[in-house]
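The structure appears below as structure tokens.
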Number of protein chains: 4
Amino acid sequence: MSRFHEEPDPRFWRLNRSIEFDWRLAPYDIDQSRAHARALLEMKVLTKGELATLDSGLEQVGGELERGEFEFEASDEDIHMAIERRLAEIAGPLAGKLHTGRSRNDQVATDVAMVVQSHSLRAIELLRGVMEELLGLADRHRDWAMPGYTHLQRAQPVYLGHHLLAYFWMLGRDVLRFQFALDSAGVMPLGSGALAGVNWEIDRRAVADDLGFEHVTANSIDGASNRDFVLDYLSAASICAMHLSRLGGELVLWSSSEFGFCELGEDFCSGSSIMPQKKNPDSAELLRAKAPRVASSFGAVLGVLHGLPLTYGKDMQEDKEPLFDTVDTIETTLDATQGMLAGISFDRERLEAASGDEMLAATEIADMLVRRGVPFREAHGIVGELVRDALDSDRSLSQLTPEDLARHSELLDETYYELLRRESWLESKRIEGGTSSESLKRQFRLARKTLEAVRARVLDERS
Amino acid sequence: MSRFHEEPDPRFWRLNRSIEFDWRLAPYDIDQSRAHARALLEMKVLTKGELATLDSGLEQVGGELERGEFEFEASDEDIHMAIERRLAEIAGPLAGKLHTGRSRNDQVATDVAMVVQSHSLRAIELLRGVMEELLGLADRHRDWAMPGYTHLQRAQPVYLGHHLLAYFWMLGRDVLRFQFALDSAGVMPLGSGALAGVNWEIDRRAVADDLGFEHVTANSIDGASNRDFVLDYLSAASICAMHLSRLGGELVLWSSSEFGFCELGEDFCSGSSIMPQKKNPDSAELLRAKAPRVASSFGAVLGVLHGLPLTYGKDMQEDKEPLFDTVDTIETTLDATQGMLAGISFDRERLEAASGDEMLAATEIADMLVRRGVPFREAHGIVGELVRDALDSDRSLSQLTPEDLARHSELLDETYYELLRRESWLESKRIEGGTSSESLKRQFRLARKTLEAVRARVLDERS
Amino acid sequence: MSRFHEEPDPRFWRLNRSIEFDWRLAPYDIDQSRAHARALLEMKVLTKGELATLDSGLEQVGGELERGEFEFEASDEDIHMAIERRLAEIAGPLAGKLHTGRSRNDQVATDVAMVVQSHSLRAIELLRGVMEELLGLADRHRDWAMPGYTHLQRAQPVYLGHHLLAYFWMLGRDVLRFQFALDSAGVMPLGSGALAGVNWEIDRRAVADDLGFEHVTANSIDGASNRDFVLDYLSAASICAMHLSRLGGELVLWSSSEFGFCELGEDFCSGSSIMPQKKNPDSAELLRAKAPRVASSFGAVLGVLHGLPLTYGKDMQEDKEPLFDTVDTIETTLDATQGMLAGISFDRERLEAASGDEMLAATEIADMLVRRGVPFREAHGIVGELVRDALDSDRSLSQLTPEDLARHSELLDETYYELLRRESWLESKRIEGGTSSESLKRQFRLARKTLEAVRARVLDERS
Amino acid sequence: MSRFHEEPDPRFWRLNRSIEFDWRLAPYDIDQSRAHARALLEMKVLTKGELATLDSGLEQVGGELERGEFEFEASDEDIHMAIERRLAEIAGPLAGKLHTGRSRNDQVATDVAMVVQSHSLRAIELLRGVMEELLGLADRHRDWAMPGYTHLQRAQPVYLGHHLLAYFWMLGRDVLRFQFALDSAGVMPLGSGALAGVNWEIDRRAVADDLGFEHVTANSIDGASNRDFVLDYLSAASICAMHLSRLGGELVLWSSSEFGFCELGEDFCSGSSIMPQKKNPDSAELLRAKAPRVASSFGAVLGVLHGLPLTYGKDMQEDKEPLFDTVDTIETTLDATQGMLAGISFDRERLEAASGDEMLAATEIADMLVRRGVPFREAHGIVGELVRDALDSDRSLSQLTPEDLARHSELLDETYYELLRRESWLESKRIEGGTSSESLKRQFRLARKTLEAVRARVLDERS
């Protein structure tokens with residue numbers, strides 16, 4: 001049956017065998033084979049009757065795989081061979097015709113591209129869900145004041161709704177990246193054969209239509225050796241996971257006794273094996289913790305392809321595990337994020353109290369001086385000195401006397417004390433994208449429009 | 001001038017100071033400041049006369065920086081402060097007005113976005129150059145036969161032009177990725193202030209137009225903390241560098257005495273300090289070697305942002321060095337690639353001889369059997385046995401006798417010996433994307449169209 | 001039973017549950033619990049009878065796990081809870097005493113340290129096996145000439161045995177790294193409790209002795225939050241995998257038709273699904289391909305710990321999958337390497353022919369001139385010109401006439417032609433570490449001594 | 001002067017030239033060349049007079065380089081060639097003798113090994129400094145109570161001194177890793193030549209002694225292609241940087257208004273360009289931010305070596321920039337860390353108040369029940385219910401009445417209320433490594449001994 005005299009060594013077999021992970025290609029492989037069989041009918045390699053037999057055989061194999069009834073054998077090296085073996089059991093030697101005009105190289109590339117398409121779309125759907133949740137959450141907290149931070153130091157007050165929407169926009173950009181991966185995977189390699197094309201003039205565009213690909217690859221060598229679409233998915237996932245790590249990190253922080261800004265639902269927390277009082281924000285920690293794993297998958301696949309001569313090398317088998325692991329990680333994480341956000345509760349009093357810190361008005365005072373003609377840099381210096389005076393004398397800014405103020409600038413009058421009363425600080429940021437209620441209203445409008453577009457995009461692909 | 005009593009410790013200063021690398025932001029910072037000054041005129045923070053003074057001052061500073069005449073001082077912490085300091089020397093306290101309605105946070109985010117835009121475009125230009133070179137090279141070698149490889153084993157013959165075009169398509173996809181980075185960086189953060197927006201209702205869209213941004217950020221917190229555009233550039237660069245590493249790796253291989261397929265121009269090679277006979281393909285090796293460095297920059301920036309609470313943290317200063325290093329690496333590498341390709345010469349005889357290996361016809365024979373009704377899998381087995389027989393008896397496939405053939409299949413007749421004469425193997429791959437001359441003609445047409453589109457894209461942005 | 005009112009949300013459960021991978025801690029956890037139970041007897045928390053009951057219960061659980069008879073339940077969050085649950089089924093409420101003076105935090109850290117110890121030792125054993133194989137292989141080919149390469153260009157001839165020993169020394173250094181990881185994991189965290197130590201003055205050194213740890217951690221906070229030993233293992237594995245990737249890469253190269261230096265055994269190769277003639281060196285390719293995966297595991301765990309506040313955070317659950325994946329990868333790969341090397345065959349003629357390339361004598365000629373008083377740099381220049389003359393006139397170096405030689409240096413006499421006959425080049429490298437037979441003899445002696453030490457080391461730990 | 005007819009193309013030159021970064025090898029290269037010259041005297045390649053001339057010439061070149069007076073020329077490709085060029089200007093053609101019996105391959109490997117040795121030692125010195133600072137700081141805060149955290153939730157109280165010592169032990173392990181790198185770089189490659197050894201029987205062990213290497217490489221091929229010592233340094237640095245990132249992250253957290261546990265000295269903080277009140281802990285943020293950069297250098301060098309055929313490839317030029325960048329990063333960071341720690345001030349009241357949270361006594365109560373015979377798991381459940389009752393009725397644990405207690409367990413008597421008074425919780429952790437004063441005393445003793453050993457180690461290498 002082959003040019004080989006010897007069976008694979010068990011040590012090689014363990015290293016080489018991919019079925020432990022590539023069984024996940026099964027549904028895609030079945031679909032692809034059915035489409036390929038239809039193309040072989042056109043080529044007259046198969047008769048109508050043969051096609052019917054193979055098609056129903058493949059359907060049966062697919063069903064067995066789906067229902068978990070498929071029995072793998074020790075000699076099944078990969079999922080493609082396992083399916084072919086089983087098909088031969090069902091359909092006899094006829095099964096051997098299926099591999100006409102196809103190589104495992106273009107077959108597996110096509111399967112993987114189908115995986116990337118399917119899961120890019122799934123990521124977009126899940127992102128939409130989290131974005132919806134964020135938008136709702138932001139809306140319910142649109143006028144809750146809280147401190148905005150830079151360097152984890154209180155900087156200027158913002159509305160919680162404004163802060164939460166920042167994540168909305170991050171995830172919105174992730175949609176664009178998964179969309180890019182979807183497009184990138186939308187070019188069908190099938191027909192590239194081992195590397196040179198095949199001896200059968202199959203109408204590749206027809207097969208592509210059949211399988212839902214937008215385009216076909218232009219060059220068979222590239223078709224067999226390209227894994228860019230995997231990298232595009234992993235890159236999108238890496239950046240998305242980083243965004244979630246920032247959200248997770250912030251929620252861990254806010255859940256601490258010291259911040260006390262929020263509390264996760266009990267159904268998204270764990271207890272301690274030794275400390276009965278503990279309620280740990282495990283879900284938020286895991287949100288954070290998953291990012292490096294995803295990023296390292298991108299690095300691993302890039303590393304595998306590093307300097308690799310064209311076309312297919314066995315090295316490329318190492319594309320699948322990082323991809324599948326990332327698919328699982330990103331989907332489980334996005335799914336849990338939505339649930340976690342749904343059950344979070346914020347503490348309005350703590351947030352408000354923290355945002356009332358008088359120091360946060362310092363920029364307001366500087367800007368007031370600017371409006372009175374002082375160059376900003378100078379105004380910044382004057383207020384810096386006021387802050388120093390206050391700290392040195394252990395007083396708050398509003399405890400400084402008019403005389404203290406006068407020593408620094410004659411322009412510091414009653415307005416100074418008025419500005420230190422917080423109501424105004426948030427509402428003065430009326431610039432587009434700012435935290436004022438008015439700007440926020442515009443932002444919510446834009447966010448809803450964006451979400452509508454994401455929703456439409458998903459519906460479009462699904463219909 | 002500030003709330004601080006103490007000067008920075010020299011040890012902190014060394015860690016903190018960014019001017020050693022962020023001087024590269026200078027031209028962008030100058031442009032941005034000039035646009036911001038114009039906006040301050042609208043806000044009536046500046047009079048027309050003040051604007052003119054600041055504008056010519058900034059122009060002067062920009063000129064000094066460009067001509068290398070700018071004198072940095074030990075106390076210049078970063079490029080923004082250095083420029084402001086110098087502007088104050090020229091324009092006096094008026095310079096202090098420039099920072100009205102702006103924070104270093106949105107200023108630096110805007111500068112970096114401008115860098116990414118500018119260098120995404122430059123990468124596309126350079127890619128275009130390499131693609132042109134590849135297309136020309138492929139065209140000049142469109143009918144040179146060579147062995148195609150899988151697993152670095154000779155597999156099926158292809159035309160060298162076909163093989164070279166595989167790289168054309170890889171780089172074509174890289175254009176799309178840099179285009180994505182360009183778009184991603186086309187959203188202006190300026191106006192986000194420190195994090196909450198600013199107290200001045202600047203028309204951000206007008207400033208964006210002024211600076212060549214397509215959009216403005218929707219949320220000031222996101223505007224101050226987002227570095228996705230850096231990651232998008234680094235991701236594009238990582239994949240592009242991996243493509244170049246495959247090209248470089250292949251050229252190193254082909255330059256070996258054993259392959260002997262090509263020779264790089266002397267002006268892209270180095271000698272040895274000890275071995276006078278050596279001519280080493282250093283340029284191709286470096287093409288390969290640069291990829292991990294670029295990939296690790298992507299990982300480094302992702303790592304910096306990992307779990308980072310919003311909004312700006314000093315950690316984000318670590319975005320610049322990986323970005324600049326990648327910009328330099330990718331641009332130097334692409335530039336050298338074009339030059340290297342221009343001077344490469346191929347050895348038609350060696351390529352032809354290698355591609356004439358009879359074993360490469362094995363699939364042809366199997367497919368011939370298929371056309372005569374044998375299921376492919378069975379045909380594959382028959383030819384596998386022929387190969388084994390030949391190897392075991394130390395003969396070539398064409399040295400097998402008709403009697404030998406008959407033992408394996410009665411369908412193996414004279415056609416068998418005809419098929420072993422190579423001419424036909426290449427031309428039988430007439431499928432779209434295959435290596436036959438006809439398919440190749442279509443591919444060249446498509447490649448020229450693609451290149452035209454890339455060229456138009458670049459012209460568009462530049463005009 | 002706890003402070004919680006609600007059950008975990010299924011979405012959280014999927015994200016949080018670790019039993020899919022931490023079941024691998026089971027044997028270590030059982031051992032640890034038995035040792036802990038013995039310590040609780042000393043503390044009088046357990047009576048002798050209770051200890052006996054728990055001990056036999058734990059033994060039973062361990063047996064069930066080992067034989068695959070353990071039935072996991074949907075509510076088993078991790079392996080520790082699963083074992084405790086099962087123990088309670090066997091031993092009743094008494095099982096609840098086992099967690100006295102222990103937290104999951106120090107328990108899991110201890111389990112993982114035990115894993116690292118066990119598999120560091122296993123890696124050393126496997127390395128020893130590969131080193132033995134390499135030494136034997138080198139010995140059998142100690143006087144086979146082949147070209148040594150720099151820049152993949154033939155540089156100077158060496159003996160194949162010398163080349164193969166290079167890998168021996170790489171792996172020898174890997175032994176030291178795994179030894180470092182072994183020591184690093186030899187410090188027992190148990191007794192650190194959740195983070196502060198426990199309320200029971202357990203004799204930790206006695207428990208450490210019981211479990212085979214050399215030391216105990218000095219600080220409970222560090223004990224709960226330290227995963228350096230995982231990183232030490234992953235770092236050792238990363239460098240080791242890189243070494244194997246160089247070996248794999250070279251064997252792929254040498255297996256090509258163009259090099260033709262060696263052939264892997266059939267039992268370590270694969271065929272092609274479409275090309276019946278193919279015999280692909282898959283095992284060597286996979287050796288190469290596994291390195292980035294291992295390296296990325298190191299990066300992932302570092303990323304997880306990045307900036308993480310002390311002490312334990314749920315993030316640290318992400319240490320296990322990269323560790324286990326690396327353990328499997330490195331052990332499968334080393335095991336396969338030994339087998340692959342055992343079946344490799346080299347082609348003496350091809351190696352010899354390639355090493356006979358006259359150009360490889362260039363340095364010899366330069367050194368001859370040096371011995372006659374020409375400064376090396378000048379001698380290098382003279383030979384460089386000879387090479388150029390030869391190439392320009394399409395002749396070999398020995399085809400240059402005495403007149404040609406005389407034009408470049410009067411010192412070039414008959415010795416020049418003698419030197420171009422290869423026998424001498426290899427034997428002139430008599431410096432320590434050089435390729436001459438004499439130097440090689442010393443090197444083999446040293447290698448055998450090194451291997452003896454590795455062997456002793458392994459025996460020592462096992463006895 | 002060479003086999004080449006053409007000059008390097010400027011685009012290749014830019015890619016290829018290494019002098020922009022390898023000038024840092026200069027002092028090592030000078031030392032090495034002087035030692036090599038001495039060996040050439042033994043070989044009679046140099047006379048005593050020639051040696052003297054070369055030696056003083058090299059000294060002069062070294063001086064010029066050190067004083068910044070060395071004039072680089074556009075044609076200097078790398079530092080080795082620049083030094084040789086300058087030496088020839090000083091010493092004439094004699095300079096050309098220096099490259100006898102040496103190749104740039106073993107020369108550069110030796111330089112880089114010297115860099116690693118020197119900076120491993122420097123890292124150990126700096127670590128010692130930080131460890132001393134930490135020990136002093138811990139000592140001054142040995143009895144300040146603070147909350148210990150898991151999952152960033154208050155868990156159990158500890159002493160601040162105990163917490164700070166956790167970092168002491170982390171850095172102590174880093175010393176061992178840099179020591180490993182030091183040993184790893186202590187094997188001299190010089191004498192390996194280009195790859196095969198050299199034609200001169202130089203006494204390599206004498207040269208090694210001369211240059212401070214412990215050993216010489218056993219195999220010339222390995223000697224030319226090995227960069228493990230770079231990786232060992234980078235691995236040590238990666239883990240060390242991760243430790244510092246945890247310290248930095250914690251200090252950022254503790255510097256927030258919400259935690260308010262500590263304040264960095266002004267000389268290690270920055271202000272804001274827009275917010276005059278800000279005092280940002282930039283130094284702590286940068287400590288955290290540097291880790292991914294260092295980790296990615298390790299990944300980059302591994303990536304460069306991935307699958308690289310032996311022996312030297314130009315790819316290996318990419319080892320230097322990651323190494324130098326890491327050297328600078330780790331040394332600047334450690335240096336700043338020491339300074340930052342020296343100026344930090346803690347807020348005893350805030351720490352004490354936070355550690356007084358009654359909930360932290362939950363484990364104490366559970367352990368009290370255990371001492372009265374309740375299995376721990378059951379005791380944990382009882383206390384969990386008490387916590388829930390308290391939270392549900394908005395009371396603290398001590399506000400629960402004896403009747404409340406009785407409903408959960410009859411064993412809960414007055415001791416319950418006594419235990420809720422904090423004094424006891426810290427002192428009950430008397431186990432080795434625990435937080436009690438007594439355990440802490442032992443820990444300080446051990447820490448001082450460890451520091452003494454580190455100090456001795458450094459002195460030893462320096463003397």
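Chain identifiers are assigned as A, B, and so on, following the order in which chains appear in the structure tokens; residues are numbered from 1 within each chain, and ligands are numbered from 1 in order of appearance.
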Compile the residues of chain D that lie within 8 Å of chain B, evaluated using only C-alpha atoms, and express the compilation as number ranges by chain.
D: 2-9, 11-12, 14-16, 99, 102-104, 194, 266-269, 271-277, 282-283, 285-286, 288-293, 295-297, 299-301, 303-304, 313-316, 318, 332-333, 335-336, 339-340
Residue contacts of Ala447 (chain C) (12 Å, only C-alpha atoms) excluding same-chain residues fewer than 6 positions away, as a list in words:
Arg128, Met131, Glu132, Leu134, Leu135, Gly136, Ala138, Asp139, His162, Leu164, Leu165, Ala166, Tyr167, Phe168, Trp169, Met170, Leu171, Gly172, Gly433, Leu440, Lys441, Ala453 and Val454 of chain C; Thr217, Ala218 and Asn219 of chain D
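Here CA of Ala95 (chain D) and CA of Arg34 (chain D) stand 11.8 Å from one another.
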I'd like to know which residues of region 121-351 of chain B are helix (DSSP H, G or I) (by DSSP, run on the backbone); could you write them as a VMD selection string?
chain B and resid 121 to 140 160 to 184 204 to 211 220 to 225 228 to 254 266 to 268 282 to 289 291 to 305 314 to 342 348 to 351
Can you check which residues of region 252-283 of chain A DSSP gives as strand (DSSP E or B) on the backbone and send them as a ChimeraX atom specification?
/A:262-263,270,280
State, in Å with one decimal place, the distance from CA of Leu40 (chain A) to CA of Glu378 (chain B).
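Atom-to-atom, CA of Leu40 (chain A) and CA of Glu378 (chain B) are spaced 16.9 Å apart.
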8 Å contact set for region 358-366 of chain D, only C-alpha atoms, chain neighbours under 6 positions out, as JSON, numbers by chain
{"A": [274, 275, 276, 277], "C": [199], "D": [154, 155, 156, 157, 376, 379, 380, 382, 383, 387, 396, 397, 398, 416, 419, 420, 421, 422, 425]}
Among A:Ser192, A:Ser257, A:Gln399, A:Gln153, Ala224 (chain A) is approached most closely, using only C-alpha atoms, by A:Ser192
Quick one: everything within 10 Å of Val216 (chain C), counting only C-alpha atoms, minus sequence neighbours fewer than 3 positions away in the same chain. Send it as a list in words.
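Here the qualifying residues turn out to be Gly186, Val187, Met188, Pro189, Leu190, Gly191, Ser192, Arg204, Arg205, Ala206, Val207, Ala208, Asp209, Phe213, Asn219, Ser220 and Gly223 of chain C; Glu432 and Gly433 of chain D.
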